[in-house]
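Novice: My structure file structure-v3.txt, compact mmCIF, N, CA and C atoms, is below:
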# COMPACT_ATOMS: atom_id res chain seq x y z
N MET A 1 -24.02 -34.10 -0.75
CA MET A 1 -22.80 -34.35 -0.01
C MET A 1 -21.95 -33.07 -0.02
N SER A 2 -21.46 -32.65 1.14
CA SER A 2 -20.66 -31.44 1.21
C SER A 2 -19.19 -31.75 0.92
N SER A 3 -18.46 -30.71 0.57
CA SER A 3 -17.03 -30.86 0.30
C SER A 3 -16.27 -30.93 1.62
N LEU A 4 -15.02 -31.35 1.54
CA LEU A 4 -14.16 -31.38 2.72
C LEU A 4 -14.07 -29.98 3.32
N ARG A 5 -13.91 -28.99 2.46
CA ARG A 5 -13.80 -27.60 2.92
C ARG A 5 -15.05 -27.17 3.70
N GLU A 6 -16.22 -27.44 3.14
CA GLU A 6 -17.47 -27.06 3.81
C GLU A 6 -17.62 -27.80 5.14
N TYR A 7 -17.28 -29.07 5.13
CA TYR A 7 -17.41 -29.88 6.33
C TYR A 7 -16.49 -29.36 7.44
N LEU A 8 -15.20 -29.17 7.12
CA LEU A 8 -14.26 -28.74 8.14
C LEU A 8 -14.54 -27.31 8.61
N THR A 9 -14.94 -26.46 7.70
CA THR A 9 -15.31 -25.09 8.08
C THR A 9 -16.48 -25.10 9.05
N SER A 10 -17.45 -25.98 8.81
CA SER A 10 -18.60 -26.07 9.72
C SER A 10 -18.21 -26.55 11.11
N LEU A 11 -17.07 -27.22 11.20
CA LEU A 11 -16.57 -27.70 12.49
C LEU A 11 -15.62 -26.70 13.16
N GLY A 12 -15.43 -25.53 12.53
CA GLY A 12 -14.58 -24.51 13.13
C GLY A 12 -13.14 -24.53 12.68
N PHE A 13 -12.84 -25.24 11.60
CA PHE A 13 -11.48 -25.25 11.07
C PHE A 13 -11.26 -24.05 10.16
N GLU A 14 -10.02 -23.59 10.09
CA GLU A 14 -9.63 -22.51 9.19
C GLU A 14 -8.73 -23.07 8.10
N ARG A 15 -8.99 -22.68 6.86
CA ARG A 15 -8.22 -23.16 5.71
C ARG A 15 -7.03 -22.24 5.46
N ILE A 16 -5.85 -22.84 5.32
CA ILE A 16 -4.62 -22.11 5.03
C ILE A 16 -4.02 -22.69 3.75
N GLY A 17 -3.78 -21.84 2.77
CA GLY A 17 -3.19 -22.28 1.51
C GLY A 17 -1.72 -22.65 1.66
N LEU A 18 -1.31 -23.65 0.90
CA LEU A 18 0.07 -24.11 0.88
C LEU A 18 0.64 -23.94 -0.52
N LYS A 19 1.93 -23.63 -0.59
CA LYS A 19 2.62 -23.58 -1.88
C LYS A 19 3.51 -24.81 -1.98
N LYS A 20 3.29 -25.62 -3.00
CA LYS A 20 4.13 -26.81 -3.19
C LYS A 20 5.45 -26.39 -3.83
N LEU A 21 6.53 -26.76 -3.19
CA LEU A 21 7.86 -26.42 -3.68
C LEU A 21 8.39 -27.51 -4.60
N LYS A 22 9.43 -27.18 -5.34
CA LYS A 22 10.05 -28.15 -6.27
C LYS A 22 10.65 -29.34 -5.52
N THR A 23 10.92 -29.16 -4.24
CA THR A 23 11.46 -30.25 -3.42
C THR A 23 10.37 -31.21 -2.95
N GLY A 24 9.10 -30.82 -3.18
CA GLY A 24 7.99 -31.63 -2.71
C GLY A 24 7.45 -31.16 -1.37
N HIS A 25 8.17 -30.25 -0.71
CA HIS A 25 7.71 -29.68 0.55
C HIS A 25 6.58 -28.70 0.29
N TYR A 26 5.87 -28.36 1.36
CA TYR A 26 4.82 -27.35 1.30
C TYR A 26 5.20 -26.19 2.20
N LYS A 27 5.05 -24.97 1.67
CA LYS A 27 5.43 -23.76 2.39
C LYS A 27 4.20 -22.90 2.61
N PHE A 28 4.17 -22.20 3.74
CA PHE A 28 3.08 -21.26 3.99
C PHE A 28 3.57 -20.16 4.93
N SER A 29 2.76 -19.13 5.06
CA SER A 29 3.12 -17.97 5.87
C SER A 29 2.59 -18.11 7.28
N VAL A 30 3.43 -17.72 8.22
CA VAL A 30 3.02 -17.61 9.62
C VAL A 30 3.56 -16.28 10.13
N ILE A 31 3.09 -15.87 11.28
CA ILE A 31 3.57 -14.64 11.89
C ILE A 31 4.08 -14.96 13.28
N ILE A 32 5.31 -14.54 13.54
CA ILE A 32 5.91 -14.72 14.86
C ILE A 32 6.14 -13.32 15.44
N ASN A 33 5.54 -13.05 16.58
CA ASN A 33 5.70 -11.75 17.23
C ASN A 33 5.43 -10.59 16.26
N ASP A 34 4.37 -10.72 15.50
CA ASP A 34 3.93 -9.70 14.53
C ASP A 34 4.86 -9.55 13.32
N ILE A 35 5.79 -10.49 13.12
CA ILE A 35 6.72 -10.45 11.99
C ILE A 35 6.38 -11.63 11.08
N PRO A 36 6.05 -11.36 9.78
CA PRO A 36 5.72 -12.47 8.88
C PRO A 36 6.95 -13.30 8.51
N GLY A 37 6.71 -14.60 8.33
CA GLY A 37 7.78 -15.50 7.94
C GLY A 37 7.25 -16.62 7.07
N LYS A 38 8.17 -17.31 6.39
CA LYS A 38 7.85 -18.45 5.54
C LYS A 38 8.34 -19.72 6.21
N PHE A 39 7.42 -20.68 6.35
CA PHE A 39 7.74 -21.92 7.05
C PHE A 39 7.35 -23.12 6.20
N ILE A 40 8.11 -24.19 6.33
CA ILE A 40 7.77 -25.46 5.70
C ILE A 40 6.87 -26.24 6.66
N LEU A 41 5.86 -26.88 6.14
CA LEU A 41 5.03 -27.80 6.91
C LEU A 41 5.71 -29.16 6.84
N ASP A 42 6.05 -29.73 7.97
CA ASP A 42 6.79 -30.99 7.99
C ASP A 42 6.20 -31.95 9.02
N THR A 43 5.41 -32.90 8.55
CA THR A 43 4.78 -33.86 9.45
C THR A 43 5.80 -34.77 10.13
N GLY A 44 6.99 -34.86 9.58
CA GLY A 44 8.03 -35.71 10.16
C GLY A 44 8.88 -35.03 11.21
N ALA A 45 8.73 -33.71 11.35
CA ALA A 45 9.47 -32.98 12.37
C ALA A 45 8.66 -33.02 13.67
N SER A 46 9.23 -33.56 14.71
CA SER A 46 8.49 -33.68 15.96
C SER A 46 8.24 -32.32 16.61
N THR A 47 9.17 -31.41 16.45
CA THR A 47 9.10 -30.11 17.09
C THR A 47 9.26 -29.00 16.06
N SER A 48 8.47 -27.97 16.18
CA SER A 48 8.58 -26.81 15.28
C SER A 48 9.84 -26.03 15.62
N CYS A 49 10.47 -25.47 14.60
CA CYS A 49 11.74 -24.79 14.82
C CYS A 49 11.84 -23.54 13.96
N ILE A 50 12.73 -22.69 14.39
CA ILE A 50 13.05 -21.45 13.69
C ILE A 50 14.55 -21.43 13.49
N GLY A 51 14.99 -20.91 12.36
CA GLY A 51 16.41 -20.77 12.10
C GLY A 51 17.06 -19.84 13.12
N ILE A 52 18.21 -20.23 13.64
CA ILE A 52 18.88 -19.44 14.67
C ILE A 52 19.18 -18.03 14.19
N MET A 53 19.41 -17.84 12.91
CA MET A 53 19.68 -16.50 12.36
C MET A 53 18.43 -15.63 12.36
N GLU A 54 17.27 -16.22 12.60
CA GLU A 54 16.01 -15.47 12.60
C GLU A 54 15.60 -15.04 14.00
N ALA A 55 16.39 -15.36 15.02
CA ALA A 55 16.04 -14.99 16.40
C ALA A 55 15.87 -13.48 16.53
N HIS A 56 16.82 -12.72 16.03
CA HIS A 56 16.72 -11.26 16.15
C HIS A 56 15.58 -10.69 15.30
N PRO A 57 15.47 -11.05 14.01
CA PRO A 57 14.36 -10.50 13.22
C PRO A 57 12.98 -10.82 13.80
N PHE A 58 12.80 -11.99 14.42
CA PHE A 58 11.52 -12.35 15.02
C PHE A 58 11.40 -11.88 16.47
N GLN A 59 12.39 -11.13 16.96
CA GLN A 59 12.39 -10.56 18.31
C GLN A 59 12.23 -11.64 19.38
N LEU A 60 13.01 -12.70 19.23
CA LEU A 60 12.92 -13.83 20.16
C LEU A 60 13.97 -13.72 21.26
N VAL A 61 13.57 -14.03 22.46
CA VAL A 61 14.49 -14.16 23.58
C VAL A 61 14.82 -15.64 23.67
N THR A 62 16.11 -15.96 23.50
CA THR A 62 16.50 -17.37 23.45
C THR A 62 17.46 -17.72 24.58
N GLU A 63 17.55 -19.01 24.82
CA GLU A 63 18.55 -19.51 25.75
C GLU A 63 19.13 -20.80 25.19
N LYS A 64 20.40 -21.03 25.48
CA LYS A 64 21.06 -22.23 24.99
C LYS A 64 20.39 -23.46 25.58
N SER A 65 20.30 -24.48 24.77
CA SER A 65 19.65 -25.72 25.17
C SER A 65 20.66 -26.86 25.12
N ASP A 66 20.47 -27.84 25.97
CA ASP A 66 21.33 -29.03 25.96
C ASP A 66 20.88 -30.04 24.90
N VAL A 67 19.70 -29.82 24.33
CA VAL A 67 19.15 -30.73 23.34
C VAL A 67 19.92 -30.57 22.02
N LYS A 68 20.24 -31.68 21.38
CA LYS A 68 20.88 -31.67 20.08
C LYS A 68 19.81 -31.97 19.03
N ALA A 69 19.88 -31.26 17.91
CA ALA A 69 18.91 -31.46 16.84
C ALA A 69 19.51 -32.35 15.76
N ALA A 70 18.62 -33.05 15.06
CA ALA A 70 19.04 -33.88 13.93
C ALA A 70 17.91 -33.90 12.92
N GLY A 71 18.29 -34.05 11.67
CA GLY A 71 17.29 -34.16 10.61
C GLY A 71 17.81 -33.63 9.31
N ALA A 72 17.18 -34.04 8.23
CA ALA A 72 17.53 -33.58 6.88
C ALA A 72 19.02 -33.67 6.61
N GLY A 73 19.65 -34.76 7.07
CA GLY A 73 21.05 -34.98 6.76
C GLY A 73 22.03 -34.36 7.74
N ALA A 74 21.55 -33.68 8.75
CA ALA A 74 22.43 -33.06 9.73
C ALA A 74 22.17 -33.69 11.10
N VAL A 75 23.24 -33.84 11.89
CA VAL A 75 23.10 -34.43 13.22
C VAL A 75 23.88 -33.61 14.24
N ASP A 76 23.53 -33.79 15.51
CA ASP A 76 24.23 -33.16 16.64
C ASP A 76 24.38 -31.65 16.49
N MET A 77 23.33 -30.99 16.05
CA MET A 77 23.37 -29.54 15.90
C MET A 77 23.05 -28.87 17.23
N GLU A 78 23.81 -27.84 17.56
CA GLU A 78 23.55 -27.05 18.75
C GLU A 78 22.20 -26.37 18.61
N THR A 79 21.47 -26.27 19.71
CA THR A 79 20.15 -25.64 19.67
C THR A 79 20.00 -24.58 20.76
N HIS A 80 19.05 -23.72 20.54
CA HIS A 80 18.58 -22.76 21.53
C HIS A 80 17.07 -22.98 21.65
N SER A 81 16.47 -22.40 22.66
CA SER A 81 15.03 -22.51 22.80
C SER A 81 14.45 -21.15 23.15
N THR A 82 13.16 -21.02 22.91
CA THR A 82 12.43 -19.82 23.28
C THR A 82 11.00 -20.19 23.62
N GLN A 83 10.42 -19.46 24.52
CA GLN A 83 9.00 -19.62 24.83
C GLN A 83 8.32 -18.26 24.82
N SER A 84 9.02 -17.27 24.31
CA SER A 84 8.51 -15.91 24.36
C SER A 84 7.79 -15.51 23.08
N SER A 85 7.45 -16.47 22.27
CA SER A 85 6.89 -16.13 20.95
C SER A 85 5.37 -16.17 20.93
N ILE A 86 4.82 -15.32 20.09
CA ILE A 86 3.40 -15.35 19.78
C ILE A 86 3.30 -15.80 18.33
N LEU A 87 2.71 -16.95 18.12
CA LEU A 87 2.59 -17.56 16.80
C LEU A 87 1.19 -17.32 16.27
N SER A 88 1.10 -16.76 15.06
CA SER A 88 -0.19 -16.56 14.40
C SER A 88 -0.19 -17.29 13.06
N ILE A 89 -1.21 -18.11 12.87
CA ILE A 89 -1.44 -18.78 11.59
C ILE A 89 -2.87 -18.44 11.20
N GLY A 90 -3.02 -17.62 10.16
CA GLY A 90 -4.35 -17.12 9.84
C GLY A 90 -4.87 -16.34 11.02
N SER A 91 -6.06 -16.65 11.48
CA SER A 91 -6.63 -15.96 12.65
C SER A 91 -6.36 -16.69 13.96
N ILE A 92 -5.61 -17.78 13.90
CA ILE A 92 -5.31 -18.57 15.09
C ILE A 92 -4.05 -18.02 15.76
N VAL A 93 -4.10 -17.82 17.05
CA VAL A 93 -2.96 -17.27 17.79
C VAL A 93 -2.62 -18.19 18.95
N LEU A 94 -1.35 -18.55 19.05
CA LEU A 94 -0.83 -19.34 20.16
C LEU A 94 0.18 -18.49 20.92
N HIS A 95 -0.05 -18.28 22.20
CA HIS A 95 0.84 -17.46 23.02
C HIS A 95 1.88 -18.32 23.70
N ASN A 96 3.08 -17.78 23.83
CA ASN A 96 4.20 -18.45 24.52
C ASN A 96 4.48 -19.83 23.93
N TRP A 97 4.43 -19.94 22.61
CA TRP A 97 4.70 -21.22 21.99
C TRP A 97 6.20 -21.51 22.03
N PRO A 98 6.60 -22.70 22.47
CA PRO A 98 8.03 -23.03 22.54
C PRO A 98 8.58 -23.46 21.17
N PHE A 99 9.61 -22.81 20.74
CA PHE A 99 10.30 -23.18 19.51
C PHE A 99 11.72 -23.59 19.84
N VAL A 100 12.25 -24.51 19.05
CA VAL A 100 13.67 -24.83 19.07
C VAL A 100 14.31 -24.01 17.95
N LEU A 101 15.46 -23.45 18.21
CA LEU A 101 16.19 -22.70 17.20
C LEU A 101 17.51 -23.39 16.91
N PHE A 102 17.81 -23.56 15.62
CA PHE A 102 19.10 -24.10 15.21
C PHE A 102 19.38 -23.66 13.79
N ASP A 103 20.57 -23.94 13.32
CA ASP A 103 21.01 -23.50 12.00
C ASP A 103 20.29 -24.28 10.92
N LEU A 104 19.51 -23.58 10.10
CA LEU A 104 18.77 -24.22 9.00
C LEU A 104 19.51 -24.12 7.67
N VAL A 105 20.83 -23.92 7.72
CA VAL A 105 21.59 -23.75 6.48
C VAL A 105 21.43 -24.96 5.56
N HIS A 106 21.39 -26.17 6.11
CA HIS A 106 21.25 -27.38 5.29
C HIS A 106 19.89 -27.43 4.59
N VAL A 107 18.86 -26.97 5.28
CA VAL A 107 17.51 -26.93 4.68
C VAL A 107 17.48 -25.89 3.57
N ASN A 108 17.96 -24.69 3.87
CA ASN A 108 17.91 -23.61 2.88
C ASN A 108 18.85 -23.86 1.71
N HIS A 109 19.95 -24.56 1.94
CA HIS A 109 20.84 -24.92 0.83
C HIS A 109 20.10 -25.85 -0.14
N ALA A 110 19.38 -26.82 0.39
CA ALA A 110 18.62 -27.74 -0.47
C ALA A 110 17.57 -26.97 -1.27
N LEU A 111 16.95 -25.99 -0.66
CA LEU A 111 15.93 -25.19 -1.38
C LEU A 111 16.56 -24.34 -2.48
N THR A 112 17.68 -23.70 -2.18
CA THR A 112 18.30 -22.84 -3.20
C THR A 112 18.87 -23.66 -4.35
N GLN A 113 19.20 -24.92 -4.10
CA GLN A 113 19.70 -25.79 -5.17
C GLN A 113 18.66 -26.01 -6.27
N VAL A 114 17.38 -25.87 -5.91
CA VAL A 114 16.30 -26.04 -6.89
C VAL A 114 15.57 -24.72 -7.14
N ALA A 115 16.29 -23.61 -6.88
CA ALA A 115 15.79 -22.25 -7.16
C ALA A 115 14.53 -21.89 -6.36
N GLU A 116 14.46 -22.34 -5.12
CA GLU A 116 13.38 -21.95 -4.22
C GLU A 116 13.94 -20.97 -3.20
N GLU A 117 13.07 -20.12 -2.67
CA GLU A 117 13.48 -19.16 -1.65
C GLU A 117 13.70 -19.85 -0.31
N LYS A 118 14.56 -19.26 0.50
CA LYS A 118 14.82 -19.82 1.83
C LYS A 118 13.59 -19.70 2.72
N VAL A 119 13.58 -20.50 3.76
CA VAL A 119 12.49 -20.45 4.74
C VAL A 119 13.07 -20.02 6.08
N ASP A 120 12.18 -19.56 6.94
CA ASP A 120 12.58 -19.10 8.26
C ASP A 120 12.48 -20.19 9.31
N GLY A 121 11.72 -21.23 9.00
CA GLY A 121 11.54 -22.28 9.98
C GLY A 121 10.68 -23.42 9.48
N ILE A 122 10.33 -24.28 10.40
CA ILE A 122 9.57 -25.49 10.09
C ILE A 122 8.43 -25.62 11.11
N ILE A 123 7.23 -25.82 10.63
CA ILE A 123 6.10 -26.13 11.49
C ILE A 123 5.97 -27.65 11.53
N GLY A 124 6.14 -28.21 12.71
CA GLY A 124 6.17 -29.65 12.87
C GLY A 124 4.95 -30.23 13.56
N ALA A 125 5.08 -31.48 13.93
CA ALA A 125 3.97 -32.25 14.48
C ALA A 125 3.41 -31.68 15.78
N ASP A 126 4.22 -30.97 16.55
CA ASP A 126 3.71 -30.41 17.80
C ASP A 126 2.57 -29.42 17.54
N ILE A 127 2.75 -28.54 16.58
CA ILE A 127 1.71 -27.56 16.24
C ILE A 127 0.60 -28.24 15.43
N LEU A 128 0.96 -29.12 14.51
CA LEU A 128 -0.05 -29.82 13.72
C LEU A 128 -1.01 -30.58 14.62
N LYS A 129 -0.47 -31.22 15.65
CA LYS A 129 -1.33 -31.96 16.59
C LYS A 129 -2.16 -31.01 17.44
N LYS A 130 -1.53 -29.97 17.96
CA LYS A 130 -2.23 -29.00 18.82
C LYS A 130 -3.44 -28.40 18.10
N LEU A 131 -3.29 -28.10 16.80
CA LEU A 131 -4.35 -27.44 16.03
C LEU A 131 -5.17 -28.43 15.20
N HIS A 132 -5.03 -29.73 15.49
CA HIS A 132 -5.82 -30.78 14.83
C HIS A 132 -5.77 -30.65 13.30
N ALA A 133 -4.56 -30.52 12.77
CA ALA A 133 -4.37 -30.27 11.34
C ALA A 133 -4.94 -31.38 10.47
N VAL A 134 -5.57 -30.95 9.38
CA VAL A 134 -6.01 -31.85 8.32
C VAL A 134 -5.39 -31.32 7.04
N ILE A 135 -4.54 -32.12 6.42
CA ILE A 135 -3.84 -31.69 5.22
C ILE A 135 -4.58 -32.22 4.00
N ASP A 136 -4.90 -31.32 3.08
CA ASP A 136 -5.54 -31.67 1.82
C ASP A 136 -4.49 -31.51 0.72
N TYR A 137 -3.78 -32.59 0.43
CA TYR A 137 -2.71 -32.55 -0.57
C TYR A 137 -3.26 -32.28 -1.96
N GLY A 138 -4.46 -32.73 -2.24
CA GLY A 138 -5.06 -32.53 -3.55
C GLY A 138 -5.36 -31.07 -3.84
N ARG A 139 -5.65 -30.29 -2.81
CA ARG A 139 -5.99 -28.88 -2.97
C ARG A 139 -4.92 -27.95 -2.44
N ASN A 140 -3.76 -28.52 -2.03
CA ASN A 140 -2.64 -27.73 -1.52
C ASN A 140 -3.06 -26.78 -0.40
N CYS A 141 -3.65 -27.35 0.63
CA CYS A 141 -4.05 -26.54 1.78
C CYS A 141 -4.03 -27.40 3.04
N VAL A 142 -4.05 -26.70 4.17
CA VAL A 142 -4.13 -27.37 5.46
C VAL A 142 -5.24 -26.66 6.25
N TYR A 143 -5.95 -27.44 7.04
CA TYR A 143 -6.99 -26.89 7.89
C TYR A 143 -6.54 -27.01 9.33
N PHE A 144 -6.73 -25.92 10.09
CA PHE A 144 -6.42 -25.92 11.50
C PHE A 144 -7.67 -25.60 12.29
N LYS A 145 -7.84 -26.26 13.41
CA LYS A 145 -8.99 -26.03 14.28
C LYS A 145 -8.77 -24.76 15.09
N LYS A 146 -9.73 -23.85 15.00
CA LYS A 146 -9.62 -22.57 15.73
C LYS A 146 -9.81 -22.78 17.22
Write the structure described by the file as structure tokens, please.

Specialist:
Amino acid sequence: MSSLREYLTSLGFERIGLKKLKTGHYKFSVIINDIPGKFILDTGASTSCIGIMEAHPFQLVTEKSDVKAAGAGAVDMETHSTQSSILSIGSIVLHNWPFVLFDLVHVNHALTQVAEEKVDGIIGADILKKLHAVIDYGRNCVYFKK
């Protein structure tokens, strides 16, 4: 019998390591427009997002959006959007991926309260679904279909 890793690799999935945080979240590295960043994997977030303060460092062209964001104790947050990003996770590259941008101060405040480093954004269900994600909580990793 083969392991989950061997099985998924044989199907063309790529394994990405996750770091479990003290908050119970999982963090991993992604690259936006050739700039590395730290993102939380969040199966409950419908849309992937980037902190509005990270627009310039990630070289994002944004525009104001009429959509209001909510989550993690915050509601009716102003948002911006971008579609000019190139997202890389391991060897997987998604061109012109749409991200929502809003203030992640509430998320990063919760992380700093337990002595964790801030994150640049959240990878949500939109990307997890697109890349057919399989999360292995026992081994602290996620597999994405190439």

Novice: For atom C of Val100 of chain A and atom CA of Gly124 of chain A, quote the distance in Å rounded to one decimal.

Specialist: 11.1 Å

Novice: Rounded to one decimal place, report the atom C of Phe13 of chain A-atom N of Ile122 of chain A distance in Å.

Specialist: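 It comes out at 21.6 Å.
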
Novice: Just want the 6.5 Å neighbourhood of segment 126-129 of chain A, counted on only N, CA and C atoms, with same-chain residues fewer than 4 positions away dropped. Output as number ranges by chain.

Specialist: A: 45-48, 133

Novice: Give me a file of those residues, with N, CA and C atoms, as a PDB file, keeping the file's coordinate frame.

Specialist:
ATOM      1  N   ALA A  45       8.730 -33.710  11.350  1.00  0.00           N
ATOM      2  CA  ALA A  45       9.470 -32.980  12.370  1.00  0.00           C
ATOM      3  C   ALA A  45       8.660 -33.020  13.670  1.00  0.00           C
ATOM      4  N   SER A  46       9.230 -33.560  14.710  1.00  0.00           N
ATOM      5  CA  SER A  46       8.490 -33.680  15.960  1.00  0.00           C
ATOM      6  C   SER A  46       8.240 -32.320  16.610  1.00  0.00           C
ATOM      7  N   THR A  47       9.170 -31.410  16.450  1.00  0.00           N
ATOM      8  CA  THR A  47       9.100 -30.110  17.090  1.00  0.00           C
ATOM      9  C   THR A  47       9.260 -29.000  16.060  1.00  0.00           C
ATOM     10  N   SER A  48       8.470 -27.970  16.180  1.00  0.00           N
ATOM     11  CA  SER A  48       8.580 -26.810  15.280  1.00  0.00           C
ATOM     12  C   SER A  48       9.840 -26.030  15.620  1.00  0.00           C
ATOM     13  N   ALA A 133      -4.560 -30.520  12.770  1.00  0.00           N
ATOM     14  CA  ALA A 133      -4.370 -30.270  11.340  1.00  0.00           C
ATOM     15  C   ALA A 133      -4.940 -31.380  10.470  1.00  0.00           C
TER      16      ALA A 133
END

Novice: Show me as a list in words the residues that reach within 6.5 Å of (22.4, -20.4, 9.8), counting all atoms listed in the file and using the file's own coordinates.

Specialist: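 Those residues lying close to the given coordinates are Gly51, Ile52, Met53, Phe102, Asp103, Leu104 and Val105 of chain A.
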
Novice: Work out how far atom CA of Lys38 of chain A is from atom N of Ala115 of chain A, in Å to one decimal.

Specialist: 15.9 Å

Novice: With distances taken over only N, CA and C atoms, which of A:Asn96, A:Ile40, A:Leu131, A:Val107 is nearest to Tyr143 of chain A?

Specialist: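 Of A:Asn96, A:Ile40, A:Leu131, A:Val107, the one nearest Tyr143 of chain A, counting only N, CA and C atoms, is A:Leu131.
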
Novice: Can you rebuild segment 94-101 of chain A with all heavy atoms and give it as a PDB file, in the coordinates of the input?

Specialist:
ATOM      1  N   LEU A  94      -1.350 -18.550  19.050  1.00  0.00           N
ATOM      2  CA  LEU A  94      -0.830 -19.340  20.160  1.00  0.00           C
ATOM      3  C   LEU A  94       0.180 -18.490  20.920  1.00  0.00           C
ATOM      4  O   LEU A  94       1.171 -18.035  20.333  1.00  0.00           O
ATOM      5  CB  LEU A  94      -0.169 -20.628  19.660  1.00  0.00           C
ATOM      6  CG  LEU A  94      -1.057 -21.608  18.887  1.00  0.00           C
ATOM      7  CD1 LEU A  94      -0.223 -22.748  18.328  1.00  0.00           C
ATOM      8  CD2 LEU A  94      -2.175 -22.124  19.763  1.00  0.00           C
ATOM      9  N   HIS A  95      -0.050 -18.280  22.200  1.00  0.00           N
ATOM     10  CA  HIS A  95       0.840 -17.460  23.020  1.00  0.00           C
ATOM     11  C   HIS A  95       1.880 -18.320  23.700  1.00  0.00           C
ATOM     12  O   HIS A  95       1.610 -19.450  24.102  1.00  0.00           O
ATOM     13  CB  HIS A  95       0.033 -16.697  24.072  1.00  0.00           C
ATOM     14  CG  HIS A  95      -0.871 -15.673  23.481  1.00  0.00           C
ATOM     15  ND1 HIS A  95      -0.449 -14.394  23.190  1.00  0.00           N
ATOM     16  CD2 HIS A  95      -2.163 -15.735  23.076  1.00  0.00           C
ATOM     17  CE1 HIS A  95      -1.453 -13.715  22.658  1.00  0.00           C
ATOM     18  NE2 HIS A  95      -2.510 -14.519  22.570  1.00  0.00           N
ATOM     19  N   ASN A  96       3.080 -17.780  23.830  1.00  0.00           N
ATOM     20  CA  ASN A  96       4.200 -18.450  24.520  1.00  0.00           C
ATOM     21  C   ASN A  96       4.480 -19.830  23.930  1.00  0.00           C
ATOM     22  O   ASN A  96       4.730 -20.781  24.665  1.00  0.00           O
ATOM     23  CB  ASN A  96       3.931 -18.551  26.022  1.00  0.00           C
ATOM     24  CG  ASN A  96       3.824 -17.183  26.655  1.00  0.00           C
ATOM     25  OD1 ASN A  96       4.624 -16.297  26.351  1.00  0.00           O
ATOM     26  ND2 ASN A  96       2.837 -17.004  27.505  1.00  0.00           N
ATOM     27  N   TRP A  97       4.430 -19.940  22.610  1.00  0.00           N
ATOM     28  CA  TRP A  97       4.700 -21.220  21.990  1.00  0.00           C
ATOM     29  C   TRP A  97       6.200 -21.510  22.030  1.00  0.00           C
ATOM     30  O   TRP A  97       7.006 -20.670  21.658  1.00  0.00           O
ATOM     31  CB  TRP A  97       4.195 -21.264  20.540  1.00  0.00           C
ATOM     32  CG  TRP A  97       4.283 -22.659  20.037  1.00  0.00           C
ATOM     33  CD1 TRP A  97       5.270 -23.199  19.285  1.00  0.00           C
ATOM     34  CD2 TRP A  97       3.381 -23.723  20.344  1.00  0.00           C
ATOM     35  NE1 TRP A  97       5.045 -24.537  19.096  1.00  0.00           N
ATOM     36  CE2 TRP A  97       3.892 -24.884  19.741  1.00  0.00           C
ATOM     37  CE3 TRP A  97       2.201 -23.808  21.077  1.00  0.00           C
ATOM     38  CZ2 TRP A  97       3.261 -26.114  19.839  1.00  0.00           C
ATOM     39  CZ3 TRP A  97       1.578 -25.035  21.174  1.00  0.00           C
ATOM     40  CH2 TRP A  97       2.105 -26.177  20.554  1.00  0.00           C
ATOM     41  N   PRO A  98       6.600 -22.700  22.470  1.00  0.00           N
ATOM     42  CA  PRO A  98       8.030 -23.030  22.540  1.00  0.00           C
ATOM     43  C   PRO A  98       8.580 -23.460  21.170  1.00  0.00           C
ATOM     44  O   PRO A  98       8.035 -24.345  20.522  1.00  0.00           O
ATOM     45  CB  PRO A  98       8.068 -24.203  23.517  1.00  0.00           C
ATOM     46  CG  PRO A  98       6.726 -24.856  23.364  1.00  0.00           C
ATOM     47  CD  PRO A  98       5.754 -23.751  23.035  1.00  0.00           C
ATOM     48  N   PHE A  99       9.610 -22.810  20.740  1.00  0.00           N
ATOM     49  CA  PHE A  99      10.300 -23.180  19.510  1.00  0.00           C
ATOM     50  C   PHE A  99      11.720 -23.590  19.840  1.00  0.00           C
ATOM     51  O   PHE A  99      12.337 -23.066  20.762  1.00  0.00           O
ATOM     52  CB  PHE A  99      10.378 -21.998  18.533  1.00  0.00           C
ATOM     53  CG  PHE A  99       9.129 -21.754  17.743  1.00  0.00           C
ATOM     54  CD1 PHE A  99       8.223 -20.785  18.143  1.00  0.00           C
ATOM     55  CD2 PHE A  99       8.869 -22.472  16.585  1.00  0.00           C
ATOM     56  CE1 PHE A  99       7.071 -20.538  17.413  1.00  0.00           C
ATOM     57  CE2 PHE A  99       7.716 -22.232  15.849  1.00  0.00           C
ATOM     58  CZ  PHE A  99       6.817 -21.263  16.263  1.00  0.00           C
ATOM     59  N   VAL A 100      12.250 -24.510  19.050  1.00  0.00           N
ATOM     60  CA  VAL A 100      13.670 -24.830  19.070  1.00  0.00           C
ATOM     61  C   VAL A 100      14.310 -24.010  17.950  1.00  0.00           C
ATOM     62  O   VAL A 100      13.736 -23.871  16.872  1.00  0.00           O
ATOM     63  CB  VAL A 100      13.899 -26.346  18.832  1.00  0.00           C
ATOM     64  CG1 VAL A 100      15.368 -26.656  18.643  1.00  0.00           C
ATOM     65  CG2 VAL A 100      13.313 -27.151  19.980  1.00  0.00           C
ATOM     66  N   LEU A 101      15.460 -23.450  18.210  1.00  0.00           N
ATOM     67  CA  LEU A 101      16.190 -22.700  17.200  1.00  0.00           C
ATOM     68  C   LEU A 101      17.510 -23.390  16.910  1.00  0.00           C
ATOM     69  O   LEU A 101      18.223 -23.795  17.830  1.00  0.00           O
ATOM     70  CB  LEU A 101      16.476 -21.274  17.683  1.00  0.00           C
ATOM     71  CG  LEU A 101      15.257 -20.375  17.783  1.00  0.00           C
ATOM     72  CD1 LEU A 101      14.638 -20.467  19.154  1.00  0.00           C
ATOM     73  CD2 LEU A 101      15.606 -18.968  17.435  1.00  0.00           C
TER      74      LEU A 101
END
